[in-house]
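Coordinates as given in run_26.cif (mmCIF, C-alpha atoms):
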```
data_final
loop_
_atom_site.label_atom_id
_atom_site.label_comp_id
_atom_site.auth_asym_id
_atom_site.auth_seq_id
_atom_site.Cartn_x
_atom_site.Cartn_y
_atom_site.Cartn_z
CA MET A 22 150.45 -133.36 6.57
CA GLU A 23 147.06 -134.64 5.46
CA HIS A 24 144.94 -133.30 2.62
CA LYS A 25 141.22 -133.72 2.03
CA VAL A 26 140.93 -134.90 -1.55
CA ILE A 27 138.30 -136.16 -3.95
CA PRO A 28 139.20 -138.85 -6.54
CA ILE A 29 137.80 -137.85 -9.94
CA LYS A 30 137.38 -139.86 -13.14
CA PHE A 31 136.97 -138.26 -16.56
CA SER A 32 135.88 -141.45 -18.32
CA LYS A 33 134.30 -144.71 -17.24
CA LEU A 34 137.55 -146.68 -17.34
CA GLY A 35 139.96 -143.83 -16.81
CA LYS A 36 142.37 -143.35 -13.94
CA LYS A 37 141.37 -141.61 -10.73
CA TYR A 38 142.97 -138.22 -10.18
CA TYR A 39 143.11 -136.48 -6.82
CA PHE A 40 141.85 -132.91 -6.47
CA ASP A 41 141.55 -130.69 -3.41
CA THR A 42 137.90 -130.48 -2.33
CA ASN A 43 138.39 -126.70 -1.94
CA GLY A 44 135.83 -126.60 0.86
CA PHE A 45 132.96 -128.02 -1.24
CA GLU A 46 130.63 -130.64 0.24
CA ILE A 47 131.11 -133.41 -2.30
CA LYS A 48 129.85 -136.98 -2.43
CA SER A 49 130.52 -139.90 -4.76
CA GLY A 50 128.78 -139.46 -8.12
CA ASP A 51 128.78 -135.67 -8.11
CA HIS A 52 129.73 -133.93 -11.36
CA LEU A 53 132.65 -131.56 -10.79
CA VAL A 54 134.41 -128.92 -12.87
CA VAL A 55 138.21 -128.80 -12.61
CA GLU A 56 141.20 -127.40 -14.48
CA THR A 57 143.57 -130.03 -15.95
CA ILE A 58 146.54 -129.92 -18.31
CA ARG A 59 144.02 -130.32 -21.14
CA GLY A 60 141.88 -127.40 -20.03
CA LEU A 61 138.55 -127.01 -18.28
CA GLU A 62 136.95 -130.42 -17.82
CA MET A 63 134.00 -132.01 -16.10
CA GLY A 64 134.53 -135.26 -14.21
CA ILE A 65 132.69 -137.47 -11.76
CA ALA A 66 133.61 -138.04 -8.13
CA ALA A 67 134.64 -141.70 -8.08
CA GLU A 68 134.47 -141.93 -4.28
CA ASP A 69 133.59 -139.87 -1.26
CA PRO A 70 136.25 -137.40 -0.10
CA LYS A 71 139.09 -138.85 1.97
CA LEU A 72 142.24 -137.81 3.78
CA ILE A 73 145.64 -138.71 2.32
CA ASP A 74 149.17 -137.95 3.43
CA SER A 75 151.42 -135.60 1.47
CA SER A 76 153.74 -138.54 0.75
CA GLU A 77 151.02 -140.14 -1.40
CA LEU A 78 150.84 -137.18 -3.78
CA VAL A 79 152.81 -137.37 -7.02
CA SER A 80 152.14 -133.75 -7.98
CA ALA A 81 150.65 -130.58 -6.53
CA LEU A 82 146.93 -130.76 -5.84
CA LYS A 83 144.63 -128.68 -7.98
CA PRO A 84 141.34 -127.50 -6.48
CA VAL A 85 137.82 -128.36 -7.55
CA LEU A 86 136.53 -125.19 -9.22
CA ARG A 87 132.86 -125.90 -8.63
CA ILE A 88 130.19 -128.53 -8.46
CA ALA A 89 128.84 -128.73 -12.01
CA THR A 90 125.81 -126.56 -12.73
CA GLU A 91 122.97 -127.49 -15.06
CA LYS A 92 124.64 -125.32 -17.72
CA ASP A 93 127.93 -127.21 -17.29
CA ILE A 94 126.13 -130.51 -17.77
CA ARG A 95 124.27 -129.21 -20.84
CA ASP A 96 127.53 -127.92 -22.35
CA HIS A 97 129.22 -131.26 -21.70
CA GLU A 98 126.35 -133.18 -23.31
CA ARG A 99 126.40 -130.86 -26.34
CA ASN A 100 130.12 -131.50 -26.77
CA LEU A 101 129.51 -135.24 -26.69
CA ILE A 102 126.67 -135.01 -29.22
CA GLU A 103 128.89 -133.10 -31.67
CA GLN A 104 131.83 -135.51 -31.38
CA PRO A 105 130.73 -137.94 -34.16
CA GLU A 106 130.39 -135.10 -36.69
CA VAL A 107 133.78 -133.69 -35.64
CA MET A 108 135.32 -137.17 -36.09
CA VAL A 109 133.94 -137.48 -39.62
CA ARG A 110 135.18 -134.06 -40.72
CA THR A 111 138.57 -134.55 -39.07
CA ASN A 112 139.01 -137.88 -40.86
CA GLU A 113 138.27 -136.19 -44.18
CA ILE A 114 140.88 -133.50 -43.53
CA ILE A 115 143.47 -136.14 -42.56
CA LYS A 116 142.84 -137.93 -45.87
CA ASP A 117 143.11 -134.65 -47.76
CA ASN A 118 146.56 -134.16 -46.22
CA ASN A 119 147.61 -137.75 -47.14
CA LEU A 120 148.81 -138.49 -43.61
CA ASP A 121 149.48 -142.03 -42.41
CA MET A 122 147.67 -141.79 -39.08
CA LYS A 123 144.60 -143.34 -37.50
CA LEU A 124 142.11 -141.01 -35.85
CA LEU A 125 140.99 -142.37 -32.46
CA ASN A 126 138.94 -139.71 -30.75
CA CYS A 127 138.11 -136.01 -30.63
CA GLU A 128 136.94 -134.08 -27.60
CA TYR A 129 136.18 -130.47 -26.73
CA THR A 130 137.17 -128.97 -23.42
CA LEU A 131 134.12 -128.02 -21.37
CA ASP A 132 134.41 -124.33 -22.29
CA ARG A 133 135.14 -125.17 -25.96
CA GLN A 134 138.40 -123.27 -25.87
CA LYS A 135 140.24 -126.25 -27.32
CA LEU A 136 139.61 -129.31 -29.50
CA ILE A 137 141.86 -132.24 -28.59
CA ILE A 138 142.39 -134.88 -31.26
CA TYR A 139 143.88 -138.28 -30.41
CA PHE A 140 145.53 -140.41 -33.06
CA ASN A 141 147.80 -143.40 -33.51
CA ALA A 142 150.67 -143.70 -36.00
CA ASP A 143 153.67 -145.98 -36.50
CA GLY A 144 156.16 -143.13 -36.48
CA ARG A 145 156.39 -139.39 -36.22
CA VAL A 146 153.87 -137.38 -38.23
CA ASP A 147 154.37 -133.89 -39.64
CA PHE A 148 150.94 -132.47 -38.98
CA ARG A 149 151.68 -128.75 -39.22
CA ASP A 150 149.48 -128.29 -42.28
CA LEU A 151 146.83 -130.51 -40.72
CA VAL A 152 146.61 -128.28 -37.65
CA LYS A 153 146.11 -125.22 -39.86
CA ASP A 154 143.34 -126.92 -41.82
CA LEU A 155 141.62 -128.11 -38.67
CA ALA A 156 141.83 -124.67 -37.07
CA ASN A 157 140.30 -123.10 -40.19
CA GLN A 158 137.53 -125.72 -40.18
CA PHE A 159 136.52 -125.58 -36.51
CA ARG A 160 137.65 -122.02 -35.63
CA ILE A 161 139.15 -123.22 -32.37
CA ARG A 162 142.54 -124.01 -30.87
CA ILE A 163 143.66 -127.50 -31.97
CA GLU A 164 145.77 -129.91 -29.93
CA LEU A 165 146.93 -133.18 -31.53
CA ARG A 166 148.00 -136.03 -29.26
CA GLN A 167 149.66 -139.23 -30.44
CA VAL A 168 148.86 -142.22 -28.23
CA GLY A 169 150.02 -145.84 -28.16
CA THR A 170 148.38 -148.85 -29.75
CA ARG A 171 146.99 -150.07 -26.44
CA ASP A 172 145.07 -146.83 -25.99
CA GLY A 173 143.93 -147.16 -29.58
CA ALA A 174 142.50 -150.62 -28.91
CA ARG A 175 140.68 -149.24 -25.86
CA VAL A 176 139.01 -146.59 -28.01
CA MET A 177 138.11 -148.95 -30.87
CA GLY A 178 137.05 -151.93 -28.73
CA GLY A 179 136.52 -155.46 -30.03
CA ILE A 180 136.38 -159.16 -29.14
CA GLY A 181 139.46 -160.83 -27.65
CA PRO A 182 140.68 -164.38 -28.41
CA CYS A 183 138.77 -165.54 -25.31
CA GLY A 184 135.50 -164.57 -27.03
CA LEU A 185 134.76 -161.73 -24.61
CA LEU A 186 134.96 -157.95 -24.99
CA ILE A 187 138.56 -156.85 -24.51
CA CYS A 188 139.49 -156.06 -20.92
CA CYS A 189 140.51 -152.45 -21.55
CA THR A 190 136.97 -151.56 -22.66
CA THR A 191 135.20 -153.29 -19.78
CA PHE A 192 137.13 -153.09 -16.49
CA LEU A 193 140.87 -152.53 -16.95
CA GLY A 194 141.72 -149.02 -15.76
CA ASP A 195 145.52 -149.05 -15.90
CA PHE A 196 147.84 -150.85 -18.29
CA GLU A 197 150.53 -153.00 -16.68
CA THR A 198 153.74 -154.08 -18.37
CA VAL A 199 153.55 -157.61 -19.78
CA SER A 200 156.63 -159.58 -20.83
CA ILE A 201 157.53 -162.67 -22.82
CA LYS A 202 159.03 -164.02 -19.59
CA MET A 203 155.53 -164.11 -18.08
CA ALA A 204 154.23 -166.15 -21.01
CA LYS A 205 157.16 -168.56 -20.68
CA ASN A 206 156.52 -169.01 -16.95
CA GLN A 207 152.95 -170.05 -17.77
CA ASN A 208 154.04 -172.50 -20.50
CA LEU A 209 152.15 -170.50 -23.12
CA SER A 210 153.01 -170.67 -26.78
CA LEU A 211 155.66 -168.06 -27.57
CA ASN A 212 154.19 -167.53 -31.02
CA PRO A 213 153.32 -163.79 -31.10
CA THR A 214 150.10 -164.55 -32.99
CA ASN A 215 148.83 -166.67 -30.09
CA ILE A 216 149.71 -164.33 -27.24
CA SER A 217 149.04 -160.90 -28.76
CA GLY A 218 145.88 -158.83 -28.35
CA LEU A 219 144.03 -156.67 -30.84
CA CYS A 220 146.52 -153.88 -30.16
CA GLY A 221 149.40 -156.05 -31.37
CA LYS A 222 150.97 -156.07 -27.90
CA LEU A 223 151.10 -159.00 -25.49
CA LEU A 224 147.75 -159.94 -23.95
CA CYS A 225 147.09 -158.03 -20.74
CA CYS A 226 145.57 -161.15 -19.16
CA ILE A 227 149.00 -162.81 -19.16
CA ASN A 228 149.80 -160.52 -16.24
CA TYR A 229 146.74 -161.48 -14.17
CA GLU A 230 148.01 -164.85 -12.93
CA ASP A 231 151.73 -164.27 -13.23
CA ALA A 232 152.30 -164.13 -9.46
CA ASN A 233 150.42 -167.42 -8.98
CA TYR A 234 152.43 -169.20 -11.65
CA LYS A 235 155.68 -167.96 -10.13
CA GLU A 236 154.65 -169.63 -6.88
CA TYR A 237 153.60 -172.82 -8.69
CA ARG A 238 156.92 -173.01 -10.52
CA LYS A 239 158.89 -172.92 -7.26
CA SER A 240 157.56 -176.39 -6.44
CA MET A 241 157.83 -177.81 -9.99
CA PRO A 242 160.82 -178.97 -12.04
CA LYS A 243 161.87 -177.29 -15.28
CA LEU A 244 160.46 -178.52 -18.56
CA ASP A 245 162.95 -180.84 -20.36
CA SER A 246 164.97 -181.32 -17.15
CA LEU A 247 165.99 -184.72 -15.76
CA VAL A 248 164.28 -185.84 -12.54
CA THR A 249 164.42 -188.88 -10.28
CA THR A 250 161.30 -191.01 -9.80
CA PRO A 251 160.58 -194.30 -7.99
CA GLU A 252 161.02 -195.98 -11.42
CA GLY A 253 164.34 -194.26 -12.14
CA GLN A 254 165.49 -191.13 -13.97
CA GLY A 255 163.40 -189.56 -16.69
CA LYS A 256 162.84 -186.35 -18.65
CA VAL A 257 160.07 -183.85 -17.90
CA ILE A 258 157.91 -183.47 -21.01
CA GLN A 259 154.80 -181.82 -19.56
CA LEU A 260 153.81 -179.82 -16.48
CA ASN A 261 150.38 -179.18 -15.00
CA PHE A 262 150.83 -176.36 -12.53
CA LEU A 263 147.27 -176.37 -11.20
CA ALA A 264 147.13 -180.14 -10.63
CA GLN A 265 150.81 -180.20 -9.53
CA THR A 266 151.52 -183.17 -11.79
CA VAL A 267 154.49 -183.97 -14.03
CA ASN A 268 154.59 -186.17 -17.12
CA ILE A 269 157.89 -188.07 -17.33
CA ASP A 270 159.41 -189.73 -20.41
CA PHE A 271 161.70 -192.71 -19.70
CA GLY A 272 162.45 -193.37 -23.37
CA GLY A 273 161.19 -196.04 -25.72
CA GLY A 274 157.66 -194.70 -25.51
CA ASN A 275 157.51 -195.29 -21.76
CA ARG A 276 155.83 -192.32 -20.11
CA LYS A 277 154.18 -191.87 -16.73
CA LEU A 278 152.34 -189.16 -14.82
CA TYR A 279 153.50 -188.33 -11.27
CA ASP A 280 152.47 -186.04 -8.47
CA VAL A 281 155.27 -183.54 -8.00
CA LYS A 282 155.72 -184.68 -4.39
CA ASP A 283 156.72 -188.15 -5.64
CA ILE A 284 159.74 -187.01 -7.68
CA GLN A 285 163.10 -185.42 -6.91
CA PHE A 286 164.74 -182.56 -8.83
CA ARG A 287 167.29 -179.78 -8.44
CA GLN A 288 165.44 -176.93 -6.69
CA LYS A 289 168.30 -174.48 -7.33
CA ALA A 290 167.91 -174.91 -11.11
CA VAL A 291 164.28 -173.85 -10.79
CA GLU A 292 165.18 -170.77 -8.72
CA ASP A 293 167.91 -169.79 -11.20
CA ASP A 294 165.38 -170.05 -14.03
CA LEU A 295 162.87 -167.85 -12.20
CA ASN A 296 165.41 -165.20 -11.23
CA GLY A 297 167.57 -165.22 -14.36
CA ASN A 298 167.22 -163.19 -17.55
CA ASP A 299 167.03 -165.33 -20.67
CA LYS A 300 169.20 -163.91 -23.45
CA ASP A 301 166.66 -164.90 -26.10
CA LEU A 302 163.76 -163.20 -24.33
CA LYS A 303 162.95 -159.52 -24.45
CA ASP A 304 160.53 -157.69 -22.19
CA LEU A 305 157.82 -156.05 -24.25
CA GLU A 306 155.07 -153.68 -23.33
CA GLY A 307 151.85 -155.64 -23.38
#
```

Have the structure of the file written as structure tokens, please.
Amino acid sequence: MEHKVIPIKFSKLGKKYYFDTNGFEIKSGDHLVVETIRGLEMGIAAEDPKLIDSSELVSALKPVLRIATEKDIRDHERNLIEQPEVMVRTNEIIKDNNLDMKLLNCEYTLDRQKLIIYFNADGRVDFRDLVKDLANQFRIRIELRQVGTRDGARVMGGIGPCGLLICCTTFLGDFETVSIKMAKNQNLSLNPTNISGLCGKLLCCINYEDANYKEYRKSMPKLDSLVTTPEGQGKVIQLNFLAQTVNIDFGGGNRKLYDVKDIQFRQKAVEDDLNGNDKDLKDLEG
């Protein structure tokens, strides 16, 4: 069975969520009012409506309530304008309660029935008294949500080690899992300081070229392995995946650079390395 849906985004870099068009004539860019688990929200149609099969749905479709009116847009803009002041006051109340947590963002639902506060903390936080104080301050229902460090970095922003704005604030919509194994496959330094982002997790960009490097490695010997060359047997001391070259050490300071096609090595050892799980490596969320 097919459903006519409209993909909606609630923030510039947020995920797309499918909603039933509910008979409305909607086009990309329209402001729409919908009911979500957070409450009444206004989002933007990320695309034109389309038909999808029931098998593509991960949960029941909720309908679009209406195309946003001028009042809806004004209410949304007012909520955004008041956010900075809410952030300041919320931070003060957090400090008054001596809680070890970092405030990330505050947002009202469109109808101002709820104030949602996002924060990051190393462990669990007892915020029962905080909720009471916040409710007394803002006279509204309070919902506190603890999010991960990657989401925290997205909210705070910053400059990555590449010298550019971090990916999650510019174009990266979804976070993918990144592992130490990926860094090893790319011959990156395994020093956490060198391969970690501002969030303290592994750099998201390590994942971007992982598939390419897996293909490159299939045609390259392992680092520190013994290979056979026209000049005899030597040890691999350096690999250049893009150029497909191998630097070989024959001992006594005798080293030479070869094209990978000019050497012989055990292909099965490479495949075992790609498919195996190193005991000293642990997959981490990047």

Resolved residues for the PyMOL selection byres ((chain A and resi 237-247) around 8) as a PyMOL selection string: chain A and resi 206+233-236+248-249+254-260+262-263+265+281+286-288+290-292

From A:Asn268, A:Thr111, A:Asn100, A:Ser49, residue lying nearest A:Gln134 [all atoms listed in the file]: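 Closest to A:Gln134, using all atoms listed in the file: A:Asn100.
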
Restrict the calculation to all atoms listed in the file, then for each residue of stretch 219-296 of chain A with any atom at most 9 Å from an atom of stretch 164-187 of chain A give the closest atom pair and their distance in Å to one decimal, rows by chain and rising residue number, as CSV.
```
residue,atom,partner,partner_atom,distance
A:Leu219,CA,A:Ala174,CA,6.5
A:Cys220,CA,A:Ala174,CA,5.3
A:Gly221,CA,A:Thr170,CA,7.5
A:Lys222,CA,A:Arg171,CA,7.3
```

Atomic separation - atom CA of A:Cys188 relative to atom CA of A:Met203, Å: 18.2 Å

Resolved residues for the PyMOL selection byres ((chain A and resi 55) around 8) as a PyMOL selection string: chain A and resi 53-54+56-57+61-64+83-87

Contacts of stretch 112-121 of chain A within 10 Å, all atoms listed in the file, excl. fewer than 6 positions in-chain, as a ChimeraX atom specification: /A:106,141-148,150-152,154-155,158

d(atom CA of A:Pro70, atom CA of A:Phe196) in Å: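 A separation of 25.4 Å between them.
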
Residues near A:Leu223, cut-off 12 Å, only C-alpha atoms, skip fewer than 3 positions along chain, as a ChimeraX atom specification: /A:170-171,181,196-204,209-220,226-228,303-307

Reference answer for the PyMOL selection byres ((chain A and resi 127-133) around 9), as a VMD selection string: chain A and resid 54 59 to 63 93 96 to 97 100 to 101 104 to 105 107 to 108 111 124 to 126 134 to 140 161 to 162

For atom CA of A:Lys33 and atom CA of A:Ile163, the interatomic separation in Å (one decimal):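 Pair atom CA of A:Lys33 / atom CA of A:Ile163 returns 24.5 Å.
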
Using only C-alpha atoms: which of A:Tyr279, A:Phe159, A:Phe40, A:Tyr229 has the shortest distance to A:Ile73: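 Among the listed residues, A:Phe40 lies closest to A:Ile73.
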
Nearby residues (only C-alpha atoms) at most 7 Å from A:Ile27, same-chain spacing under 4 positions excluded, as a list of chain:residue names: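 So the residues in contact are A:Tyr39, A:Phe40, A:Asp41, A:Thr42, A:Ala66, A:Glu68, A:Asp69, A:Pro70, A:Lys71.
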